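Next comes run_28.cif, a file with mmCIF, C-alpha atoms.
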```cif
data_input
loop_
_atom_site.label_atom_id
_atom_site.label_comp_id
_atom_site.auth_asym_id
_atom_site.auth_seq_id
_atom_site.Cartn_x
_atom_site.Cartn_y
_atom_site.Cartn_z
CA MET A 763 77.23 113.06 129.69
CA THR A 764 75.92 116.58 129.90
CA GLU A 765 78.62 117.81 132.26
CA ASN A 766 81.42 117.27 129.73
CA SER A 767 83.63 120.28 129.15
CA PRO A 768 86.37 120.96 126.59
CA SER A 769 88.99 119.90 129.12
CA GLU A 770 87.48 116.82 130.71
CA GLY A 771 84.49 114.55 130.63
CA THR A 772 83.04 111.10 131.05
CA PHE A 773 80.99 108.87 128.79
CA HIS A 774 79.00 105.93 130.08
CA LEU A 775 79.15 102.80 127.96
CA MET A 776 76.74 99.86 128.05
CA GLY A 777 77.82 96.36 127.09
CA GLY A 778 75.93 95.01 124.07
CA GLU A 779 74.69 98.48 123.12
CA PHE A 780 75.73 98.36 119.48
CA THR A 781 73.22 100.87 118.13
CA ASN A 782 75.08 103.90 119.39
CA ALA A 783 78.51 102.27 119.47
CA GLY A 784 81.14 104.84 118.65
CA SER A 785 79.12 107.87 119.69
CA ALA A 786 81.42 108.60 122.65
CA SER A 787 84.52 108.57 120.43
CA SER A 788 82.71 110.63 117.84
CA GLU A 789 81.84 113.27 120.43
CA LEU A 790 85.38 113.20 121.79
CA LYS A 791 86.69 113.75 118.27
CA SER A 792 84.50 116.84 117.84
CA THR A 793 85.71 118.18 121.19
CA LEU A 794 89.36 117.70 120.20
CA ILE A 795 88.82 119.50 116.92
CA LYS A 796 87.06 122.32 118.75
CA VAL A 797 89.90 122.88 121.21
CA GLY A 798 92.35 122.97 118.32
CA VAL A 799 94.31 119.73 118.72
CA GLU A 800 96.33 118.98 115.59
CA LYS A 801 94.45 116.95 112.99
CA SER A 802 96.75 113.91 112.84
CA ILE A 803 96.67 113.59 116.64
CA VAL A 804 92.89 113.96 116.69
CA ARG A 805 92.68 111.04 114.31
CA ARG A 806 94.95 108.85 116.45
CA VAL A 807 93.03 109.65 119.63
CA ALA A 808 89.69 109.01 117.96
CA ILE A 809 90.82 105.65 116.57
CA ALA A 810 92.24 104.45 119.91
CA ALA A 811 89.14 105.68 121.78
CA PHE A 812 86.85 103.93 119.32
CA GLU A 813 88.67 100.62 119.70
CA ALA A 814 88.53 100.95 123.50
CA GLU A 815 84.86 101.86 123.35
CA MET A 816 84.11 98.83 121.18
CA ASN A 817 85.99 96.55 123.58
CA VAL A 818 83.67 97.59 126.40
CA ILE A 819 80.57 97.20 124.26
CA ILE A 820 81.66 93.78 122.99
CA HIS A 821 83.08 92.23 126.15
CA ALA A 822 81.86 94.04 129.28
CA VAL A 823 78.65 94.65 131.16
CA ALA A 824 79.30 98.37 131.39
CA GLY A 825 82.10 100.88 131.59
CA THR A 826 83.18 104.47 131.40
CA LEU A 827 85.42 106.40 129.04
CA ARG A 828 87.02 109.46 130.64
CA TYR A 829 89.07 112.07 128.87
CA GLU A 830 91.27 114.86 130.05
CA ILE A 831 92.80 117.42 127.72
CA THR A 832 95.65 119.66 128.88
CA THR A 833 98.22 121.64 126.90
CA GLU A 834 100.61 118.73 127.42
CA ALA A 835 98.55 115.67 126.61
CA VAL A 836 95.25 113.96 125.97
CA THR A 837 94.60 111.20 128.49
CA ILE A 838 91.86 108.64 128.03
CA THR A 839 90.94 106.23 130.79
CA VAL A 840 88.56 103.39 130.03
CA THR A 841 87.33 101.31 132.94
CA ASP A 842 84.92 98.44 132.60
CA MET A 843 83.04 95.87 134.60
CA GLY A 844 83.80 92.91 132.45
CA PRO A 845 85.32 89.45 132.33
CA GLY A 846 88.88 90.76 132.63
CA ILE A 847 91.77 89.50 130.53
CA GLU A 848 93.47 86.30 131.58
CA ASN A 849 96.64 86.69 129.58
CA ILE A 850 97.42 90.26 128.58
CA ASN A 851 100.41 89.31 126.42
CA GLN A 852 98.20 87.01 124.42
CA ALA A 853 95.49 89.68 124.11
CA MET A 854 98.08 92.11 122.77
CA GLN A 855 99.03 89.76 119.96
CA PRO A 856 97.54 90.82 116.62
CA GLY A 857 94.88 88.33 115.55
CA TYR A 858 94.12 86.93 118.99
CA SER A 859 90.49 87.41 119.93
CA THR A 860 87.94 85.92 122.32
CA ALA A 861 85.03 87.59 120.56
CA PRO A 862 82.14 85.29 119.63
CA ASP A 863 81.30 84.54 115.99
CA TRP A 864 78.35 86.93 115.80
CA VAL A 865 80.63 89.79 116.78
CA ARG A 866 83.02 88.79 114.00
CA GLU A 867 80.13 88.84 111.58
CA MET A 868 79.51 92.45 112.57
CA GLY A 869 83.03 93.33 111.52
CA TRP A 870 84.67 93.27 114.94
CA GLY A 871 86.68 90.70 116.88
CA ALA A 872 89.62 90.60 114.47
CA GLY A 873 92.03 90.58 117.39
CA MET A 874 93.38 93.99 116.46
CA GLY A 875 91.75 96.21 119.07
CA LEU A 876 94.45 96.39 121.73
CA PRO A 877 97.33 96.35 119.21
CA ASN A 878 95.61 99.24 117.40
CA ILE A 879 95.29 101.25 120.61
CA SER A 880 98.91 100.62 121.46
CA LYS A 881 100.05 101.54 117.96
CA HIS A 882 98.18 104.82 117.82
CA SER A 883 99.06 106.07 121.32
CA ASP A 884 102.23 107.41 122.92
CA LEU A 885 101.72 105.59 126.20
CA PHE A 886 99.41 102.67 126.84
CA LYS A 887 98.83 100.98 130.18
CA ILE A 888 96.52 98.07 130.77
CA ASP A 889 95.47 96.59 134.05
CA SER A 890 93.03 93.72 134.32
CA VAL A 891 91.55 91.47 136.99
CA VAL A 892 89.77 88.34 135.83
CA GLY A 893 86.15 88.39 136.91
CA GLU A 894 86.24 92.08 137.77
CA GLY A 895 87.24 94.20 134.84
CA THR A 896 89.85 96.02 132.83
CA THR A 897 91.29 99.52 132.95
CA LEU A 898 93.14 101.15 130.07
CA GLU A 899 95.09 104.34 130.31
CA ILE A 900 95.96 105.84 126.95
CA ILE A 901 98.07 108.95 126.62
CA PHE A 902 98.80 111.12 123.59
CA ASP A 903 101.52 113.77 123.79
CA LEU A 904 100.59 117.17 122.48
CA LYS A 905 103.99 118.75 122.95
CA GLU A 906 106.36 116.71 120.88
CA LYS A 907 105.02 115.66 117.54
CA ASN A 908 104.61 111.99 116.78
CA ALA A 909 106.97 109.90 118.88
CA ASP A 910 107.15 106.95 116.52
CA SER A 911 105.71 103.73 117.84
CA MET B 1058 90.20 110.16 91.11
CA GLU B 1059 86.90 112.00 91.13
CA LEU B 1060 84.24 110.15 93.06
CA SER B 1061 81.79 110.59 90.19
CA LYS B 1062 84.20 108.67 87.98
CA ILE B 1063 84.36 105.85 90.55
CA ILE B 1064 80.56 105.68 90.66
CA GLU B 1065 80.56 105.36 86.88
CA ILE B 1066 83.18 102.57 86.90
CA VAL B 1067 81.32 100.39 89.43
CA HIS B 1068 77.83 101.34 88.20
CA GLY B 1069 77.17 102.67 91.67
CA ALA B 1070 74.10 104.23 93.19
CA VAL B 1071 74.15 107.10 95.66
CA VAL B 1072 72.30 106.48 98.93
CA SER B 1073 73.58 109.55 100.76
CA ASP B 1074 75.63 112.26 99.07
CA GLY B 1075 77.28 113.64 102.22
CA GLY B 1076 76.47 117.17 101.15
CA GLY B 1077 78.14 116.97 97.76
CA ILE B 1078 79.91 114.43 95.62
CA ASP B 1079 81.50 116.79 93.12
CA ALA B 1080 84.10 118.16 95.49
CA ILE B 1081 85.39 114.73 96.53
CA ASP B 1082 88.65 113.40 95.16
CA ILE B 1083 89.52 109.86 96.20
CA THR B 1084 93.22 109.15 96.62
CA SER B 1085 93.18 105.53 97.76
CA VAL B 1086 90.98 102.54 98.47
CA CYS B 1087 90.62 100.40 101.56
CA SER B 1088 88.72 97.16 101.18
CA ALA B 1089 87.73 95.18 104.29
CA ASP B 1090 84.90 93.80 106.38
CA LEU B 1091 86.90 94.01 109.58
CA LEU B 1092 86.62 97.48 110.99
CA SER B 1093 89.79 97.35 113.08
CA ASN B 1094 91.62 96.84 109.83
CA VAL B 1095 90.02 99.99 108.48
CA LEU B 1096 90.95 101.85 111.66
CA ARG B 1097 94.52 100.63 111.40
CA TYR B 1098 95.23 100.95 107.68
CA GLY B 1099 92.53 103.20 106.27
CA LYS B 1100 94.02 106.46 105.11
CA GLY B 1101 92.27 109.78 105.47
CA GLY B 1102 90.66 110.58 102.11
CA ALA B 1103 90.22 106.94 101.14
CA LEU B 1104 87.19 105.15 99.76
CA LEU B 1105 86.10 102.24 101.95
CA VAL B 1106 84.74 99.22 100.08
CA THR B 1107 82.88 96.73 102.28
CA CYS B 1108 79.86 94.48 102.52
CA LEU B 1109 79.03 95.48 106.09
CA ASN B 1110 75.76 97.36 106.15
CA GLN B 1111 75.55 98.69 109.69
CA PRO B 1112 76.14 102.06 111.39
CA GLN B 1113 79.55 101.19 112.85
CA VAL B 1114 80.95 101.33 109.32
CA ILE B 1115 79.97 105.00 109.20
CA ARG B 1116 81.48 105.53 112.67
CA SER B 1117 84.72 103.97 111.50
CA ALA B 1118 84.73 106.19 108.41
CA GLU B 1119 84.04 109.28 110.49
CA ILE B 1120 86.73 108.41 113.04
CA SER B 1121 89.30 107.68 110.29
CA ASP B 1122 88.55 110.74 108.10
CA ILE B 1123 87.22 108.53 105.32
CA PRO B 1124 84.77 110.57 103.24
CA ALA B 1125 83.00 107.81 101.32
CA VAL B 1126 81.80 104.23 101.79
CA LEU B 1127 80.88 101.88 98.96
CA LEU B 1128 78.76 98.82 99.80
CA ALA B 1129 79.52 95.97 97.42
CA LEU B 1130 77.41 93.03 96.28
CA GLY B 1131 74.16 94.94 96.47
CA ALA B 1132 74.29 95.12 100.25
CA ILE B 1133 71.32 97.12 101.48
CA PRO B 1134 72.28 99.61 104.17
CA GLU B 1135 70.38 99.46 107.45
CA THR B 1136 68.16 102.46 108.16
CA ASP B 1137 70.41 103.44 111.08
CA MET B 1138 73.40 103.35 108.76
CA ILE B 1139 71.76 105.69 106.27
CA SER B 1140 70.67 108.18 108.92
CA LEU B 1141 74.11 108.21 110.54
CA ALA B 1142 75.74 108.74 107.14
CA ARG B 1143 73.45 111.74 106.54
CA ASP B 1144 74.12 113.03 110.03
CA LYS B 1145 77.91 112.77 109.68
CA ASN B 1146 78.11 113.86 106.03
CA ILE B 1147 79.63 110.58 104.93
CA ILE B 1148 78.93 109.63 101.34
CA LEU B 1149 77.21 106.25 101.08
CA LEU B 1150 77.20 104.38 97.79
CA THR B 1151 76.14 100.91 96.68
CA THR B 1152 77.08 98.65 93.80
CA GLN B 1153 75.73 95.31 92.68
CA LEU B 1154 79.25 94.12 91.84
CA PRO B 1155 81.02 91.80 94.27
CA MET B 1156 83.98 93.12 96.25
CA TYR B 1157 86.52 91.36 94.03
CA THR B 1158 85.24 92.86 90.78
CA THR B 1159 84.84 96.25 92.42
CA CYS B 1160 88.46 96.18 93.59
CA GLY B 1161 89.67 94.81 90.26
CA LEU B 1162 87.98 97.55 88.24
CA LEU B 1163 89.16 100.36 90.53
CA TYR B 1164 92.71 99.00 90.62
CA THR B 1165 92.75 98.67 86.85
CA ALA B 1166 91.56 102.28 86.63
CA GLY B 1167 94.65 103.33 88.54
CA LEU B 1168 93.56 103.58 92.17
CA ARG B 1169 95.90 102.11 94.75
CA SER B 1170 95.69 100.94 98.31
CA CYS B 1171 95.85 102.82 101.51
CA VAL B 1172 98.57 101.46 103.74
CA GLU B 1173 99.52 104.11 106.19
CA GLU B 1174 102.22 103.50 108.72
CA LEU B 1175 102.31 105.99 111.52
CA MET C 1451 94.06 78.06 82.96
CA LEU C 1452 95.84 79.29 86.05
CA THR C 1453 96.56 76.93 88.89
CA VAL C 1454 96.90 77.75 92.55
CA SER C 1455 100.66 77.25 92.36
CA ALA C 1456 100.95 79.67 89.42
CA VAL C 1457 99.00 82.29 91.34
CA ALA C 1458 101.19 81.73 94.40
CA GLU C 1459 104.33 82.21 92.35
CA LYS C 1460 103.16 85.23 90.39
CA LEU C 1461 101.85 87.06 93.42
CA GLY C 1462 104.76 86.10 95.68
CA LEU C 1463 102.56 84.39 98.25
CA ASN C 1464 103.92 82.57 101.25
CA VAL C 1465 102.42 79.07 101.20
CA VAL C 1466 101.72 78.14 104.82
CA VAL C 1467 99.65 75.02 104.22
CA LYS C 1468 100.00 73.16 100.95
CA GLY C 1469 96.83 71.52 99.69
CA ASP C 1470 96.24 70.66 96.04
CA MET C 1471 98.40 73.27 94.32
CA SER C 1472 97.42 72.07 90.86
CA GLN C 1473 93.82 73.07 91.38
CA ILE C 1474 92.41 75.48 88.81
CA VAL C 1475 91.56 79.01 89.85
CA SER C 1476 88.32 80.02 88.20
CA GLY C 1477 87.63 83.25 90.01
CA CYS C 1478 87.92 84.97 93.32
CA TYR C 1479 85.76 85.97 96.23
CA ILE C 1480 86.67 88.61 98.80
CA SER C 1481 85.06 88.71 102.19
CA ASP C 1482 85.94 88.79 105.86
CA LEU C 1483 82.49 87.57 106.84
CA LEU C 1484 82.24 83.80 106.94
CA SER C 1485 78.47 83.75 106.47
CA ASP C 1486 78.87 85.87 103.36
CA VAL C 1487 81.31 83.38 101.86
CA MET C 1488 78.94 80.56 102.81
CA ALA C 1489 76.25 82.37 100.83
CA HIS C 1490 78.23 83.58 97.82
CA GLY C 1491 81.55 81.74 97.49
CA LYS C 1492 81.77 79.43 94.50
CA ASP C 1493 83.60 76.22 93.61
CA ASP C 1494 87.23 76.79 92.66
CA ASP C 1495 87.19 80.42 93.77
CA LEU C 1496 90.22 81.79 95.52
CA TRP C 1497 89.16 83.36 98.78
CA ILE C 1498 90.90 86.53 99.94
CA THR C 1499 90.29 87.36 103.60
CA LEU C 1500 91.72 88.85 106.78
CA GLN C 1501 90.13 86.15 108.93
CA THR C 1502 92.67 83.82 110.54
CA HIS C 1503 90.11 81.87 112.54
CA PRO C 1504 89.90 78.03 112.28
CA ASN C 1505 86.34 78.30 110.93
CA VAL C 1506 87.85 79.65 107.71
CA VAL C 1507 88.94 76.09 106.91
CA ALA C 1508 85.46 74.67 107.43
CA VAL C 1509 83.94 77.27 105.13
CA ALA C 1510 86.62 76.67 102.48
CA VAL C 1511 85.95 72.91 102.51
CA ILE C 1512 82.18 73.27 102.35
CA LYS C 1513 82.32 75.78 99.50
CA GLY C 1514 85.04 73.99 97.51
CA ILE C 1515 87.36 77.00 97.65
CA SER C 1516 90.59 76.35 95.71
CA ALA C 1517 92.80 78.21 98.19
CA VAL C 1518 92.62 80.79 100.97
CA ILE C 1519 94.81 83.89 100.81
CA LEU C 1520 95.29 85.92 103.98
CA THR C 1521 96.25 89.55 103.40
CA ASN C 1522 98.10 92.21 105.40
CA GLU C 1523 100.54 89.50 106.43
CA ARG C 1524 98.04 88.06 108.87
CA ASN C 1525 99.21 84.60 109.86
CA PRO C 1526 96.73 81.80 110.47
CA GLU C 1527 96.15 80.72 114.07
CA PRO C 1528 97.88 77.43 115.01
CA GLU C 1529 94.50 75.68 115.17
CA THR C 1530 93.69 76.99 111.69
CA ILE C 1531 96.92 75.48 110.36
CA ARG C 1532 96.18 72.12 112.01
CA LYS C 1533 92.70 72.02 110.53
CA ALA C 1534 93.90 73.08 107.09
CA GLU C 1535 96.56 70.36 107.10
CA ALA C 1536 93.97 67.76 108.08
CA GLU C 1537 91.56 68.93 105.38
CA LYS C 1538 94.27 69.62 102.78
CA VAL C 1539 93.15 73.21 102.30
CA THR C 1540 95.81 75.50 100.86
CA ILE C 1541 96.47 78.60 102.95
CA MET C 1542 98.75 81.33 101.65
CA VAL C 1543 99.76 84.69 103.10
CA SER C 1544 100.35 87.94 101.24
CA SER C 1545 102.07 91.03 102.59
CA LEU C 1546 99.82 93.15 100.38
CA ASN C 1547 96.47 94.39 101.55
CA THR C 1548 93.21 93.10 100.16
CA PHE C 1549 92.67 95.87 97.60
CA GLU C 1550 96.16 95.63 96.07
CA LEU C 1551 96.12 91.85 95.94
CA ALA C 1552 92.66 91.80 94.40
CA GLY C 1553 93.75 94.33 91.81
CA LEU C 1554 96.81 92.33 90.78
CA LEU C 1555 94.87 89.07 90.68
CA TYR C 1556 92.10 90.69 88.67
CA MET C 1557 94.57 91.88 86.03
CA MET C 1558 96.25 88.47 85.99
CA LEU C 1559 93.03 86.51 85.54
CA LYS C 1560 91.90 88.96 82.88
CA ASP C 1561 95.16 88.55 80.94
CA ASP C 1562 94.84 84.81 81.28
CA GLY C 1563 91.72 85.16 79.17
CA SER C 1564 90.39 81.75 80.06
CA VAL C 1565 88.58 83.02 83.08
CA HIS C 1566 85.65 85.27 83.73
CA ALA C 1567 86.75 88.23 85.79
CA GLY C 1568 84.79 87.01 88.75
CA THR C 1569 81.53 88.81 88.14
CA SER C 1570 78.83 86.65 89.56
#
```

Written as structure tokens, how would this file's structure read?
Amino acid sequence: MTENSPSEGTFHLMGGEFTNAGSASSELKSTLIKVGVEKSIVRRVAIAAFEAEMNVIIHAVAGTLRYEITTEAVTITVTDMGPGIENINQAMQPGYSTAPDWVREMGWGAGMGLPNISKHSDLFKIDSVVGEGTTLEIIFDLKEKNADS
Amino acid sequence: MELSKIIEIVHGAVVSDGGGIDAIDITSVCSADLLSNVLRYGKGGALLVTCLNQPQVIRSAEISDIPAVLLALGAIPETDMISLARDKNIILLTTQLPMYTTCGLLYTAGLRSCVEEL
Amino acid sequence: MLTVSAVAEKLGLNVVVKGDMSQIVSGCYISDLLSDVMAHGKDDDLWITLQTHPNVVAVAVIKGISAVILTNERNPEPETIRKAEAEKVTIMVSSLNTFELAGLLYMMLKDDGSVHAGTS
């Protein structure tokens, strides 16, 4: 995590590591503010990144969150070694969740993670192989303001 | 509404003052124990009312530009939650009142919700 | 004394599963954590929550909840509806969020006068 620069970087995420959950997104948020990304976009990126980060911590063994900031866009790629998603359409439905009860008792697993990421981003791609893992690519335009979702 | 007024209404106690309560003006309230709901609907500048007492509540507040968190029903914040709140300058308050009464009193006092559609 | 059906009408709730609508509402409990409701929910309370999970029905039955209200227009899962029908637990949906709905209900129950405002 030490090699992260204002324009790109990688965070390593551990499944089940709830104590520091959110620290990657928090650091990313500070970076975005530092490089002068507009406040409302910073907020959208941070929220989407946080949801993606939590997904890895809740469901996967481990994963990485990569970011790249250019003058055009912020791109976040989250790759995990996890169970994969059997039915992506179902997973995208608000309220659908496979999270266990104890995760729900921690305030997560409401089945809003992926819908939230999709809602806050300008482009959202998801690719998943059952038994192997899931990759999300989340893009936020910096040029045109707020293409409505 | 001034945060100090809110503290008075709910008979709240201050656990962490986030570097200063006086300057904070609360424009809306978000009440939930599901953090994705906070991330989706919580407005910047809102007060978050919840019973969750762990650090991810502070993370969610920080990520969503929420300056203050109020723990209802006498929930005792975990040590990690308090230290993260101090670290991130998030105001952390507690009240003995249940969530329903807390919401009822704040709504009656004129505060409204925080639906934000992007 | 307010009944579940009066609350449903006054707050414009969409009744998804109809249980005993004549049940008296004596207060309200708000939580999205099932264990919290298990610990603190009371007989004849309305329960406002975002949880759409089938276990909501089990908790409502055990705690004698008068009706469940889901906020933010969150619809119950099909299995939740099946269970609620079997157990005759009323489930209603509001398009308002939890804070707004709680506020309106609080004012209503206060005006009703017959009910404590829910302070436990």

Result set, the PyMOL selection byres ((chain A) within 12 of (chain B)) on current file, as a VMD selection string:
chain A and resid 779 to 792 795 801 to 817 856 to 857 865 to 884 907 to 911

Define the interface residues of chain C facing chain B as those within 7 Å, counting only C-alpha atoms, and report them as a ChimeraX atom specification.
/C:1478-1483,1548-1550,1552-1553,1556,1567-1569

When the PyMOL selection byres ((chain C and resi 1468) around 12) is applied to the structure above, which residues does it catch, written out as a list of chain:residue names?
C:Val1454, C:Ser1455, C:Ala1458, C:Leu1463, C:Asn1464, C:Val1465, C:Val1466, C:Val1467, C:Gly1469, C:Asp1470, C:Met1471, C:Ser1472, C:Gln1473, C:Ser1516, C:Ala1517, C:Val1518, C:Ile1519, C:Ile1531, C:Arg1532, C:Ala1534, C:Glu1535, C:Ala1536, C:Glu1537, C:Lys1538, C:Val1539, C:Thr1540, C:Ile1541, C:Met1542, C:Val1543

Taking only C-alpha atoms into account, which residues of chain C are within 12 Å of chain A, as a ChimeraX atom specification?
/C:1481-1487,1499-1506,1520,1522-1529

Find the axis-aligned box for range 1156-1171 of chain B, covering all its listed atoms and adding 4 Å on each side, and write its centre and edge lengths in Å to one decimal as lines of an AutoDock Vina configuration file.
```
center_x = 89.9
center_y = 97.5
center_z = 94.1
size_x = 19.9
size_y = 20.2
size_z = 22.9
```

Taking all atoms listed in the file into account, name the residue in C:Lys1460, C:Gly1477, C:Lys1513, C:Leu1452 that is nearest to Gly1491 in chain C.
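Ranked by minimum distance to Gly1491 in chain C, first place goes to C:Lys1513.
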
As a check of understanding: the span from CA of Ala1125 in chain B to CA of Ile1148 in chain B is 4.5 Å

Expected answer as a ChimeraX atom specification: all residues with atoms within 8 Å of (76.8, 103.2, 100.9), only C-alpha atoms:
/B:1071-1073,1110,1125-1128,1134,1139,1148-1151

Quick one: distance from CA of Val823 in chain A to CA of Val836 in chain A in Å, one decimal?
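Value for the CA of Val823 in chain A-CA of Val836 in chain A distance: 26.0 Å.
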
Carefully work through the PyMOL selection byres ((chain A and resi 772) around 7) for this structure and note down the residues it includes, as a list in words.
Met763, Asn766, Gly771, Phe773, His774, Thr826, Leu827, Arg828 and Tyr829 of chain A

Contacts of Ala1080 in chain B at 9 Å (all atoms listed in the file; same-chain gap of 3+ positions) as an MDAnalysis selection string:
chainID B and resid 1059:1060 1077

Polymer residues at most 8 Å from (91.8, 111.5, 103.4) by all atoms listed in the file, as a compact mmCIF listing (two decimals) with C-alpha atoms, in the frame of the given file:
```txt
# COMPACT_ATOMS: atom_id res chain seq x y z
CA ILE B 1083 89.52 109.86 96.20
CA THR B 1084 93.22 109.15 96.62
CA LYS B 1100 94.02 106.46 105.11
CA GLY B 1101 92.27 109.78 105.47
CA GLY B 1102 90.66 110.58 102.11
CA ALA B 1103 90.22 106.94 101.14
CA ASP B 1122 88.55 110.74 108.10
CA ILE B 1123 87.22 108.53 105.32
CA PRO B 1124 84.77 110.57 103.24
```

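In this model, the gap between CA of Ala861 in chain A and CA of Ser1140 in chain B comes to 27.7 Å.
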
Fewer than 3 positions away in the same chain doesn't count, so skip those; otherwise give me all residues within 12 Å of range 842-845 of chain A, counting only C-alpha atoms, as a ChimeraX atom specification.
/A:773-778,814-828,839,848-849,860-861,888-899
